[in-house]
Amino acid sequence: MVDENMSFEDNLKELEEIVANLEKGDVPLDNAIEEFKKAMDLVKACDDKLKDAQDTIAKIVKDNGEITDFDVE
C-alpha cells in the first residue's frame with residue numbers, strides 16, 4: 001500500500017527503484033509480482049497527484065479573489 005502523504009517526487013523515486021530492480025531480472029517471481037503490484041499503486045498515486053496539480057493550475061484567482069477556470073485555446 002502506498003503512503004498517501006508521500007510527495008510526488010518520493011513516489012516517483014520509489015517507482016524508479018522498483019523498475020530498476022525488476023529490470024535486473026534477478027527478482028524471484030513471487031517478489032516480482034508483489035513489486036509490480038506496488039509499482040502500479042505508485043503509478044496511480046503519481047497520476048492522482050498530477051491530476052490534482054493540473055486542476056489547481058487550471059484555476060486563476062482574479063484581482064477580486066474570485067476563482068475562475070483557466071482555459072487554454
# chains A, B, ... in the order shown; residues from 1 in each chain; ligands from 1
$ residues_around --residues "Val43 in chain A" --least-positions-apart "3" --cutoff "8 Å" --atoms "only C-alpha atoms" --output "tab-separated table (two decimals) with all heavy atoms, in the first residue's frame"
chain	number	residue	atom	x	y	z
A	12	LEU	N	7.70	8.82	-7.14
A	12	LEU	CA	8.39	8.59	-8.42
A	12	LEU	C	9.74	7.92	-8.20
A	12	LEU	O	10.11	7.00	-8.92
A	12	LEU	CB	8.55	9.91	-9.17
A	12	LEU	CG	9.09	9.81	-10.58
A	12	LEU	CD1	8.21	8.93	-11.46
A	12	LEU	CD2	9.22	11.20	-11.20
A	15	LEU	N	9.16	4.33	-7.38
A	15	LEU	CA	8.75	3.65	-8.60
A	15	LEU	C	9.96	3.36	-9.48
A	15	LEU	O	10.11	2.24	-10.01
A	15	LEU	CB	7.73	4.49	-9.36
A	15	LEU	CG	7.21	3.94	-10.68
A	15	LEU	CD1	6.54	2.59	-10.48
A	15	LEU	CD2	6.24	4.93	-11.31
A	39	ALA	N	4.29	-1.13	-7.66
A	39	ALA	CA	4.59	-0.16	-8.71
A	39	ALA	C	3.31	0.38	-9.32
A	39	ALA	O	3.21	1.59	-9.59
A	39	ALA	CB	5.47	-0.81	-9.79
A	40	MET	N	2.33	-0.46	-9.53
A	40	MET	CA	1.06	0.00	-10.10
A	40	MET	C	0.36	0.95	-9.14
A	40	MET	O	-0.26	1.94	-9.57
A	40	MET	CB	0.17	-1.19	-10.47
A	40	MET	CG	0.74	-2.07	-11.57
A	40	MET	SD	1.26	-1.17	-13.05
A	40	MET	CE	-0.26	-0.44	-13.58
A	46	CYS	N	0.93	8.69	-8.34
A	46	CYS	CA	1.57	9.77	-9.11
A	46	CYS	C	0.56	10.40	-10.06
A	46	CYS	O	0.51	11.63	-10.18
A	46	CYS	CB	2.77	9.23	-9.88
A	46	CYS	SG	4.21	8.87	-8.85
A	47	ASP	N	-0.21	9.58	-10.72
A	47	ASP	CA	-1.22	10.09	-11.66
A	47	ASP	C	-2.24	10.95	-10.93
A	47	ASP	O	-2.61	12.03	-11.41
A	47	ASP	CB	-1.90	8.92	-12.37
A	47	ASP	CG	-2.85	9.39	-13.46
A	47	ASP	OD1	-2.40	10.11	-14.38
A	47	ASP	OD2	-4.05	9.03	-13.39
$ atom_distance --atom1 "CA of Met6 in chain A" --atom2 "CA of Asp55 in chain A"
19.3 Å
$ select_by_dssp --residues "chain A" --states "alpha helix (DSSP H)" --output "VMD selection string"
chain A and resid 8 to 24 29 to 57
$ write_last_selection --atoms "N, CA and C atoms" --output "short mmCIF file (atom, residue, chain, number, x, y, z; two decimals), in the first residue's frame"
data_model
loop_
_atom_site.label_atom_id
_atom_site.label_comp_id
_atom_site.auth_asym_id
_atom_site.auth_seq_id
_atom_site.Cartn_x
_atom_site.Cartn_y
_atom_site.Cartn_z
N PHE A 8 4.97 13.53 -4.55
CA PHE A 8 5.05 13.01 -5.91
C PHE A 8 6.48 12.54 -6.20
N GLU A 9 7.45 13.36 -5.81
CA GLU A 9 8.85 13.03 -6.07
C GLU A 9 9.28 11.76 -5.35
N ASP A 10 8.83 11.58 -4.10
CA ASP A 10 9.17 10.37 -3.35
C ASP A 10 8.53 9.14 -3.99
N ASN A 11 7.27 9.28 -4.41
CA ASN A 11 6.60 8.16 -5.09
C ASN A 11 7.32 7.81 -6.38
N LEU A 12 7.70 8.82 -7.14
CA LEU A 12 8.39 8.59 -8.42
C LEU A 12 9.74 7.92 -8.20
N LYS A 13 10.46 8.37 -7.18
CA LYS A 13 11.77 7.78 -6.88
C LYS A 13 11.62 6.30 -6.52
N GLU A 14 10.63 5.99 -5.69
CA GLU A 14 10.40 4.60 -5.31
C GLU A 14 9.99 3.76 -6.52
N LEU A 15 9.16 4.33 -7.38
CA LEU A 15 8.75 3.65 -8.60
C LEU A 15 9.96 3.36 -9.48
N GLU A 16 10.85 4.33 -9.64
CA GLU A 16 12.05 4.14 -10.44
C GLU A 16 12.94 3.04 -9.87
N GLU A 17 13.03 2.97 -8.54
CA GLU A 17 13.83 1.93 -7.89
C GLU A 17 13.24 0.55 -8.15
N ILE A 18 11.93 0.44 -8.09
CA ILE A 18 11.27 -0.84 -8.34
C ILE A 18 11.50 -1.27 -9.78
N VAL A 19 11.34 -0.34 -10.72
CA VAL A 19 11.54 -0.66 -12.13
C VAL A 19 12.97 -1.11 -12.37
N ALA A 20 13.94 -0.40 -11.82
CA ALA A 20 15.35 -0.77 -11.99
C ALA A 20 15.60 -2.16 -11.43
N ASN A 21 15.02 -2.45 -10.28
CA ASN A 21 15.19 -3.76 -9.65
C ASN A 21 14.58 -4.86 -10.50
N LEU A 22 13.38 -4.62 -11.04
CA LEU A 22 12.72 -5.62 -11.86
C LEU A 22 13.44 -5.82 -13.19
N GLU A 23 14.03 -4.74 -13.72
CA GLU A 23 14.75 -4.84 -14.99
C GLU A 23 16.00 -5.71 -14.89
N LYS A 24 16.55 -5.82 -13.70
CA LYS A 24 17.73 -6.67 -13.50
C LYS A 24 17.39 -8.13 -13.78
N LEU A 29 10.04 -14.72 -8.67
CA LEU A 29 8.73 -14.44 -9.25
C LEU A 29 7.74 -13.88 -8.23
N ASP A 30 7.63 -14.50 -7.07
CA ASP A 30 6.68 -14.02 -6.07
C ASP A 30 6.99 -12.58 -5.65
N ASN A 31 8.27 -12.28 -5.47
CA ASN A 31 8.66 -10.91 -5.12
C ASN A 31 8.40 -9.95 -6.27
N ALA A 32 8.64 -10.41 -7.49
CA ALA A 32 8.42 -9.57 -8.68
C ALA A 32 6.94 -9.20 -8.79
N ILE A 33 6.07 -10.15 -8.51
CA ILE A 33 4.63 -9.88 -8.58
C ILE A 33 4.25 -8.84 -7.53
N GLU A 34 4.75 -8.98 -6.32
CA GLU A 34 4.46 -8.00 -5.26
C GLU A 34 5.03 -6.62 -5.61
N GLU A 35 6.24 -6.60 -6.15
CA GLU A 35 6.84 -5.33 -6.55
C GLU A 35 6.05 -4.69 -7.69
N PHE A 36 5.58 -5.51 -8.62
CA PHE A 36 4.78 -4.99 -9.72
C PHE A 36 3.48 -4.36 -9.20
N LYS A 37 2.82 -5.05 -8.26
CA LYS A 37 1.59 -4.51 -7.67
C LYS A 37 1.87 -3.17 -6.98
N LYS A 38 2.97 -3.10 -6.24
CA LYS A 38 3.32 -1.86 -5.55
C LYS A 38 3.61 -0.77 -6.58
N ALA A 39 4.29 -1.13 -7.66
CA ALA A 39 4.59 -0.16 -8.71
C ALA A 39 3.31 0.38 -9.32
N MET A 40 2.33 -0.46 -9.53
CA MET A 40 1.06 0.00 -10.10
C MET A 40 0.36 0.95 -9.14
N ASP A 41 0.43 0.68 -7.84
CA ASP A 41 -0.14 1.60 -6.84
C ASP A 41 0.59 2.95 -6.88
N LEU A 42 1.91 2.90 -7.05
CA LEU A 42 2.69 4.14 -7.12
C LEU A 42 2.34 4.92 -8.39
N VAL A 43 2.14 4.23 -9.49
CA VAL A 43 1.74 4.89 -10.74
C VAL A 43 0.41 5.61 -10.54
N LYS A 44 -0.54 4.94 -9.89
CA LYS A 44 -1.84 5.56 -9.64
C LYS A 44 -1.69 6.78 -8.72
N ALA A 45 -0.89 6.65 -7.68
CA ALA A 45 -0.68 7.77 -6.76
C ALA A 45 -0.05 8.96 -7.49
N CYS A 46 0.93 8.69 -8.34
CA CYS A 46 1.57 9.77 -9.11
C CYS A 46 0.56 10.40 -10.06
N ASP A 47 -0.21 9.58 -10.72
CA ASP A 47 -1.22 10.09 -11.66
C ASP A 47 -2.24 10.95 -10.93
N ASP A 48 -2.69 10.51 -9.77
CA ASP A 48 -3.66 11.28 -8.99
C ASP A 48 -3.08 12.64 -8.58
N LYS A 49 -1.81 12.65 -8.14
CA LYS A 49 -1.18 13.90 -7.74
C LYS A 49 -1.03 14.84 -8.94
N LEU A 50 -0.69 14.29 -10.11
CA LEU A 50 -0.57 15.12 -11.31
C LEU A 50 -1.91 15.71 -11.71
N LYS A 51 -2.97 14.91 -11.62
CA LYS A 51 -4.31 15.41 -11.95
C LYS A 51 -4.73 16.51 -10.98
N ASP A 52 -4.43 16.33 -9.69
CA ASP A 52 -4.74 17.36 -8.70
C ASP A 52 -3.98 18.65 -8.99
N ALA A 53 -2.70 18.51 -9.35
CA ALA A 53 -1.90 19.68 -9.68
C ALA A 53 -2.44 20.37 -10.92
N GLN A 54 -2.83 19.59 -11.91
CA GLN A 54 -3.39 20.16 -13.13
C GLN A 54 -4.67 20.92 -12.83
N ASP A 55 -5.53 20.35 -12.00
CA ASP A 55 -6.77 21.03 -11.63
C ASP A 55 -6.48 22.34 -10.89
N THR A 56 -5.49 22.33 -10.02
CA THR A 56 -5.13 23.53 -9.27
C THR A 56 -4.58 24.60 -10.20
N ILE A 57 -3.71 24.20 -11.10
CA ILE A 57 -3.09 25.15 -12.02
C ILE A 57 -4.12 25.69 -13.01
#
